[in-house]
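Text of the file coords-v3.cif, holding mmCIF, C-alpha atoms:
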data_target
loop_
_atom_site.label_atom_id
_atom_site.label_comp_id
_atom_site.auth_asym_id
_atom_site.auth_seq_id
_atom_site.Cartn_x
_atom_site.Cartn_y
_atom_site.Cartn_z
CA MET A 109 -82.89 -31.60 -85.99
CA THR A 110 -81.50 -28.41 -87.48
CA GLU A 111 -78.63 -29.04 -89.86
CA THR A 112 -75.46 -27.13 -89.05
CA LEU A 113 -72.62 -26.19 -91.39
CA PHE A 114 -70.51 -29.06 -90.11
CA GLU A 115 -73.35 -31.57 -90.49
CA SER A 116 -74.01 -30.51 -94.10
CA GLN A 117 -70.44 -31.28 -95.13
CA THR A 118 -69.63 -34.50 -96.98
CA PHE A 119 -66.52 -36.31 -98.05
CA THR A 120 -65.57 -36.06 -101.72
CA PRO A 121 -65.28 -39.20 -103.89
CA ALA A 122 -61.49 -38.72 -103.88
CA GLN A 123 -61.44 -38.58 -100.09
CA ILE A 124 -63.59 -41.71 -99.83
CA LYS A 125 -61.19 -43.51 -102.17
CA ALA A 126 -58.28 -42.42 -99.96
CA ILE A 127 -60.09 -43.54 -96.80
CA ASP A 128 -60.89 -46.93 -98.37
CA HIS A 129 -57.24 -47.32 -99.31
CA TYR A 130 -56.02 -46.34 -95.85
CA LEU A 131 -58.45 -48.74 -94.16
CA ASN A 132 -57.70 -51.50 -96.69
CA ILE A 133 -61.32 -51.66 -97.85
CA SER A 134 -61.24 -53.30 -101.26
CA ARG A 135 -64.76 -54.62 -101.92
CA SER A 136 -66.24 -53.30 -105.15
CA ASP A 137 -69.74 -54.70 -104.50
CA GLU A 138 -70.38 -52.85 -101.28
CA GLN A 139 -73.85 -53.18 -99.79
CA ALA A 140 -75.07 -51.03 -96.91
CA ASP A 141 -75.80 -54.11 -94.80
CA LEU A 142 -74.67 -55.51 -91.46
CA SER A 143 -71.87 -57.60 -92.93
CA GLN A 144 -70.31 -54.58 -94.62
CA LEU A 145 -70.86 -52.41 -91.54
CA ASN A 146 -68.97 -54.93 -89.40
CA GLN A 147 -66.14 -54.95 -91.93
CA LEU A 148 -65.91 -51.15 -91.93
CA ILE A 149 -65.93 -51.01 -88.11
CA ALA A 150 -63.25 -53.70 -87.84
CA HIS A 151 -60.95 -52.09 -90.39
CA TYR A 152 -61.39 -48.60 -88.94
CA ALA A 153 -60.98 -49.56 -85.27
CA SER A 154 -57.93 -51.72 -86.05
CA THR A 155 -56.24 -48.94 -88.02
CA VAL A 156 -57.11 -45.64 -86.33
CA PRO A 157 -55.95 -45.29 -82.70
CA PHE A 158 -58.13 -43.82 -80.00
CA GLU A 159 -55.86 -41.06 -78.70
CA ASN A 160 -55.83 -37.63 -77.07
CA ILE A 161 -52.40 -36.34 -78.05
CA SER A 162 -53.82 -33.08 -79.42
CA VAL A 163 -55.49 -32.35 -76.07
CA GLN A 164 -52.25 -33.16 -74.26
CA ASN A 165 -50.37 -30.85 -76.63
CA LYS A 166 -53.01 -28.10 -76.19
CA VAL A 167 -53.84 -28.18 -79.90
CA PRO A 168 -57.50 -27.24 -80.52
CA ILE A 169 -59.75 -30.07 -81.65
CA ASP A 170 -61.16 -29.32 -85.12
CA VAL A 171 -64.18 -31.44 -86.10
CA LYS A 172 -64.60 -30.11 -89.63
CA LEU A 173 -64.41 -32.98 -92.11
CA GLU A 174 -61.49 -31.51 -94.05
CA SER A 175 -59.49 -31.21 -90.83
CA LEU A 176 -60.43 -34.70 -89.68
CA PHE A 177 -59.47 -36.16 -93.06
CA HIS A 178 -56.10 -34.42 -92.87
CA LYS A 179 -55.45 -35.61 -89.32
CA ILE A 180 -56.66 -39.20 -89.62
CA VAL A 181 -55.83 -40.15 -93.21
CA GLU A 182 -53.03 -37.83 -94.30
CA CYS A 183 -51.23 -37.58 -90.94
CA ARG A 184 -52.02 -41.14 -89.81
CA ARG A 185 -53.36 -39.94 -86.47
CA GLY A 186 -56.39 -40.88 -84.38
CA GLY A 187 -58.64 -38.98 -82.02
CA TYR A 188 -61.33 -39.30 -79.39
CA CYS A 189 -65.10 -39.61 -79.61
CA TYR A 190 -66.03 -36.24 -81.15
CA GLU A 191 -63.46 -36.69 -83.90
CA MET A 192 -63.72 -40.44 -84.47
CA ASN A 193 -67.51 -40.73 -84.51
CA THR A 194 -67.93 -37.58 -86.60
CA PHE A 195 -65.47 -38.89 -89.19
CA PHE A 196 -66.93 -42.40 -89.20
CA LYS A 197 -70.53 -41.18 -89.33
CA HIS A 198 -69.90 -39.20 -92.50
CA TYR A 199 -67.96 -42.12 -93.97
CA LEU A 200 -70.96 -44.39 -93.31
CA LEU A 201 -73.40 -41.84 -94.71
CA TYR A 202 -71.43 -41.79 -97.95
CA LYS A 203 -71.57 -45.59 -98.01
CA GLY A 204 -75.37 -45.47 -97.87
CA TYR A 205 -76.01 -46.06 -94.17
CA ASP A 206 -78.54 -44.27 -91.98
CA ALA A 207 -76.08 -43.17 -89.29
CA TYR A 208 -76.32 -40.53 -86.60
CA ASN A 209 -74.64 -39.41 -83.39
CA VAL A 210 -76.23 -39.58 -79.94
CA SER A 211 -75.36 -38.27 -76.49
CA ALA A 212 -73.95 -40.69 -73.92
CA THR A 213 -72.59 -40.65 -70.38
CA ILE A 214 -69.72 -42.91 -69.32
CA HIS A 215 -69.72 -44.98 -66.14
CA THR A 216 -66.30 -44.81 -64.47
CA PRO A 217 -64.92 -46.57 -61.38
CA ASP A 218 -65.71 -43.33 -59.50
CA GLY A 219 -69.29 -43.07 -60.79
CA TRP A 220 -70.89 -41.34 -63.76
CA SER A 221 -68.88 -38.92 -65.87
CA ARG A 222 -70.08 -35.48 -66.88
CA GLU A 223 -73.58 -35.80 -68.35
CA GLY A 224 -73.56 -36.23 -72.12
CA SER A 225 -69.80 -35.93 -72.43
CA HIS A 226 -69.47 -38.94 -74.75
CA MET A 227 -70.68 -38.90 -78.35
CA SER A 228 -71.71 -42.34 -79.61
CA LEU A 229 -72.82 -43.47 -83.06
CA LEU A 230 -75.91 -45.46 -84.12
CA VAL A 231 -76.85 -47.08 -87.43
CA GLN A 232 -80.39 -48.05 -88.42
CA LEU A 233 -80.62 -51.34 -90.33
CA ASP A 234 -83.13 -54.06 -89.49
CA ARG A 235 -82.84 -52.59 -85.99
CA LEU A 236 -80.62 -50.01 -84.30
CA TYR A 237 -76.95 -50.89 -83.91
CA VAL A 238 -74.16 -49.22 -81.93
CA ALA A 239 -71.33 -48.45 -84.38
CA ASP A 240 -69.19 -46.47 -81.91
CA VAL A 241 -65.52 -46.27 -82.95
CA GLY A 242 -64.67 -43.49 -80.49
CA PHE A 243 -64.85 -45.15 -77.09
CA GLY A 244 -61.61 -47.12 -76.81
CA ASP A 245 -63.01 -50.43 -75.52
CA LEU A 246 -65.69 -51.90 -77.77
CA PRO A 247 -65.79 -54.94 -80.08
CA LEU A 248 -64.80 -54.82 -83.73
CA GLN A 249 -68.40 -55.13 -84.90
CA ALA A 250 -71.75 -53.45 -84.40
CA LEU A 251 -73.80 -54.09 -81.27
CA PRO A 252 -77.54 -54.69 -81.84
CA ILE A 253 -79.66 -52.76 -79.33
CA MET A 254 -82.19 -55.18 -77.89
CA SER A 255 -84.23 -55.85 -74.78
CA GLU A 256 -82.40 -57.49 -71.90
CA ASP A 257 -84.20 -60.80 -72.49
CA GLU A 258 -83.22 -60.84 -76.18
CA ALA A 259 -79.82 -59.15 -75.98
CA VAL A 260 -77.16 -60.64 -78.25
CA VAL A 261 -73.72 -60.97 -76.68
CA ILE A 262 -70.90 -60.06 -79.07
CA HIS A 263 -67.75 -62.06 -78.36
CA ASP A 264 -64.51 -60.23 -79.09
CA VAL A 265 -60.87 -60.96 -78.34
CA ASN A 266 -61.03 -58.20 -75.70
CA GLY A 267 -64.21 -59.41 -74.00
CA GLN A 268 -67.95 -59.94 -74.29
CA TYR A 269 -70.24 -56.99 -74.98
CA ARG A 270 -73.93 -56.19 -75.43
CA ALA A 271 -76.26 -53.21 -75.91
CA VAL A 272 -79.51 -53.24 -73.92
CA GLU A 273 -82.60 -51.03 -74.11
CA ARG A 274 -82.96 -49.13 -70.86
CA ASP A 275 -85.05 -46.16 -69.62
CA ASN A 276 -85.99 -44.70 -73.04
CA GLY A 277 -82.43 -45.19 -74.19
CA PHE A 278 -79.82 -47.93 -74.01
CA VAL A 279 -76.70 -49.04 -72.17
CA VAL A 280 -73.53 -50.56 -73.56
CA GLN A 281 -72.14 -53.25 -71.28
CA LYS A 282 -69.10 -55.51 -70.94
CA LEU A 283 -68.82 -58.77 -69.04
CA LYS A 284 -66.55 -58.20 -66.04
CA GLU A 285 -66.09 -60.48 -63.04
CA GLY A 286 -68.97 -62.67 -64.11
CA GLU A 287 -71.58 -59.96 -64.70
CA PHE A 288 -72.39 -57.37 -67.34
CA GLN A 289 -71.29 -53.94 -66.17
CA THR A 290 -72.33 -50.71 -67.87
CA LEU A 291 -69.67 -48.86 -69.86
CA TYR A 292 -72.02 -46.03 -70.78
CA ARG A 293 -75.68 -45.08 -70.99
CA ALA A 294 -77.07 -43.23 -74.00
CA GLU A 295 -80.20 -41.77 -75.53
CA PHE A 296 -81.76 -42.44 -78.93
CA GLU A 297 -82.27 -38.83 -80.03
CA PRO A 298 -80.01 -37.73 -82.91
CA ARG A 299 -77.66 -34.91 -81.92
CA ASP A 300 -75.64 -32.64 -84.15
CA LEU A 301 -72.17 -31.40 -83.30
CA SER A 302 -73.37 -28.13 -81.78
CA TYR A 303 -75.05 -30.13 -78.99
CA PHE A 304 -71.60 -31.23 -77.80
CA ASP A 305 -69.94 -27.79 -77.89
CA ASP A 306 -69.81 -27.41 -74.11
CA ASN A 307 -68.44 -30.90 -73.49
CA LEU A 308 -66.00 -30.58 -76.38
CA TYR A 309 -64.59 -27.48 -74.71
CA TYR A 310 -64.62 -29.13 -71.27
CA ASN A 311 -62.71 -32.20 -72.45
CA GLN A 312 -60.03 -30.03 -74.04
CA HIS A 313 -59.48 -27.50 -71.27
CA ASN A 314 -60.92 -28.45 -67.90
CA PRO A 315 -58.32 -29.88 -65.47
CA ASP A 316 -60.94 -32.34 -64.23
CA SER A 317 -61.30 -33.92 -67.67
CA ILE A 318 -59.56 -37.29 -67.94
CA PHE A 319 -58.29 -36.26 -71.37
CA VAL A 320 -56.57 -33.24 -69.86
CA LYS A 321 -55.28 -35.21 -66.89
CA LYS A 322 -53.44 -37.94 -68.74
CA LEU A 323 -52.33 -39.40 -72.04
CA ILE A 324 -54.56 -42.15 -73.46
CA ILE A 325 -53.72 -44.12 -76.61
CA THR A 326 -55.19 -47.53 -77.42
CA LEU A 327 -55.61 -49.82 -80.40
CA PRO A 328 -57.04 -53.36 -80.63
CA LEU A 329 -54.80 -56.18 -81.83
CA SER A 330 -55.78 -59.43 -83.52
CA ASP A 331 -55.20 -61.19 -80.20
CA GLY A 332 -55.66 -58.40 -77.65
CA ARG A 333 -54.98 -54.69 -77.25
CA VAL A 334 -52.10 -52.25 -76.89
CA THR A 335 -52.47 -49.18 -74.67
CA MET A 336 -50.06 -46.37 -73.87
CA SER A 337 -50.23 -43.88 -71.01
CA ASP A 338 -47.79 -41.30 -69.66
CA ARG A 339 -46.03 -44.05 -67.75
CA ASN A 340 -46.55 -47.44 -69.38
CA LEU A 341 -47.05 -49.28 -72.63
CA THR A 342 -49.31 -52.26 -71.92
CA ILE A 343 -49.68 -55.08 -74.44
CA THR A 344 -52.50 -57.49 -73.62
CA LYS A 345 -52.58 -60.78 -75.52
CA GLN A 346 -55.10 -63.49 -74.69
CA GLY A 347 -55.51 -62.06 -71.21
CA LYS A 348 -51.79 -61.83 -70.43
CA LYS A 349 -50.20 -58.41 -69.96
CA GLU A 350 -46.72 -57.20 -70.81
CA VAL A 351 -45.82 -53.77 -69.41
CA GLN A 352 -42.96 -51.51 -70.49
CA ALA A 353 -42.05 -48.14 -69.02
CA VAL A 354 -42.61 -45.09 -71.25
CA THR A 355 -39.91 -42.41 -71.23
CA LYS A 356 -38.95 -39.37 -73.29
CA ASP A 357 -36.31 -41.56 -74.97
CA ASN A 358 -38.59 -44.36 -76.16
CA TYR A 359 -42.08 -42.89 -76.59
CA ARG A 360 -41.60 -41.90 -80.25
CA GLN A 361 -40.51 -45.45 -81.07
CA PHE A 362 -43.52 -46.91 -79.24
CA LEU A 363 -45.88 -44.57 -81.11
CA ASN A 364 -44.38 -45.65 -84.42
CA ASP A 365 -44.10 -49.38 -83.71
CA TYR A 366 -47.49 -49.97 -82.08
CA PHE A 367 -49.74 -47.19 -83.36
CA GLY A 368 -48.21 -46.18 -86.70
CA MET A 369 -47.94 -42.55 -85.59
CA ASP A 370 -45.12 -40.08 -86.05
CA VAL A 371 -45.98 -37.25 -83.67
CA ALA A 372 -44.29 -35.40 -80.83
CA ILE A 373 -45.79 -35.14 -77.36
CA ASN A 374 -44.87 -31.75 -75.94
CA LYS A 375 -44.24 -32.86 -72.37
CA TRP A 376 -41.30 -34.98 -73.54
CA GLU A 377 -39.84 -32.54 -76.06
#

Would you write out, as structure tokens, the structure that this file holds?
Amino acid sequence: MTETLFESQTFTPAQIKAIDHYLNISRSDEQADLSQLNQLIAHYASTVPFENISVQNKVPIDVKLESLFHKIVECRRGGYCYEMNTFFKHYLLYKGYDAYNVSATIHTPDGWSREGSHMSLLVQLDRLYVADVGFGDLPLQALPIMSEDEAVVIHDVNGQYRAVERDNGFVVQKLKEGEFQTLYRAEFEPRDLSYFDDNLYYNQHNPDSIFVKKLIITLPLSDGRVTMSDRNLTITKQGKKEVQAVTKDNYRQFLNDYFGMDVAINKWE
């Protein structure tokens, strides 16, 4: 794989210290093992919202590390897959992990999304693990990629998940209505950021992109998940949902109270 300018960038020690502080990572005896990986995933996914406010505001997505650090750590924002899994990959690399991005395709209620429009993240330990923090509905720990007969089911407050080898790649699945349904399929080949250029542009500008169509913000809770759209704030706790209407008068308060963000959304300003 040819290294690009973006891929050759690294976080500075000062930035790593700031990220650790923001994510409340305090271990001084860090080991690049599964236990530490699960801790990093849990702290990141519970702190940094999956959100597409920049796309909604027509602000260009910048995946340079300096820009991502400013947005996520200094501005207390989130992002979607290209931003989140780029940021987290380089964070893991600094921590000593063998981490790389791969191309994936999401399965939606209407069928498969645009080919390769999702960027996932893998980590090689004793085996390959999915460490994707940029999807919006995955458990707070790594998913081991295994054969269907051996697949380990990861139990999370928001459901049961697994990653299964399939057709020279793998699928990430969630238990729904009594059976495991595919959330996305992916390949094993490492991909650098330039591979996603076309889909990065598409998901910012094309009216058919779900990120262009509607607002999506979500963050896991200790006992469920909170999600905000253009219309509703939905708080799910232990399978029970509470729904509140979102308006131009209350959206800033919702963003602050549930996602820790102080940002304007242009459509309501």

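Nearest to A:Leu233 of all the residues A:Trp220, A:Tyr205, A:Phe177, A:Trp376 is A:Tyr205, based on only C-alpha atoms.
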
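Closest approach to A:Phe319 among A:Ile180, A:Ile262, A:Ile161, A:Val334 is made by A:Ile161 (distances from all atoms listed in the file).
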
> Which residues, written as JSON, numbers by chain, have at least one atom at most 7 Å from stretch 167-171 of chain A, with only C-alpha atoms counted and residues fewer than 5 positions away on the same chain left out?
Replying inline: {"A": [162, 176, 191]}

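Straight-line separation from atom CA of A:Leu200 to atom CA of A:Glu258: 26.7 Å.
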
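Here atom CA of A:Gly186 and atom CA of A:Thr326 stand 9.7 Å from one another.
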
Closest atom pairs, stretch 248-283 of chain A residues within 12 Å of stretch 129-144 of chain A, all atoms listed in the file, as CSV:
residue,atom,partner,partner_atom,distance
A:Leu248,CA,A:Ser143,CA,11.9
A:Gln249,CA,A:Leu142,CA,9.1
A:Ala250,CA,A:Leu142,CA,7.9
A:Leu251,CA,A:Leu142,CA,10.3
A:Pro252,CA,A:Leu142,CA,10.1

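The spacing separating atom CA of A:Glu256 from atom CA of A:Lys197 amounts to 26.7 Å.
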
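The smallest atom-to-atom distance between A:Met369 and any of A:Leu301, A:Ala122, A:Ile253, A:Val156, using all atoms listed in the file, is found for A:Val156.
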
Can you tell me, as lines of an AutoDock Vina configuration file, the centre and edge lengths (Å, one decimal) of the axis-aligned box enclosing all of stretch 331-338 of chain A's listed atoms after padding each side by 6 Å?
center_x = -51.7
center_y = -51.2
center_z = -74.9
size_x = 19.9
size_y = 31.9
size_z = 22.5

> Applied to this file, what does the PyMOL selection byres ((chain A and resi 312) around 10) return in terms of residues, put as an MDAnalysis selection string?
Replying inline: chainID A and resid 160 162:164 166:169 307:311 313:315 317:320

>> the PyMOL selection byres ((chain A and resi 222-224) around 7) - which residues does that actually catch in the file I just gave you? List them as an MDAnalysis selection string.
In response: chainID A and resid 211:213 220:221 225:226
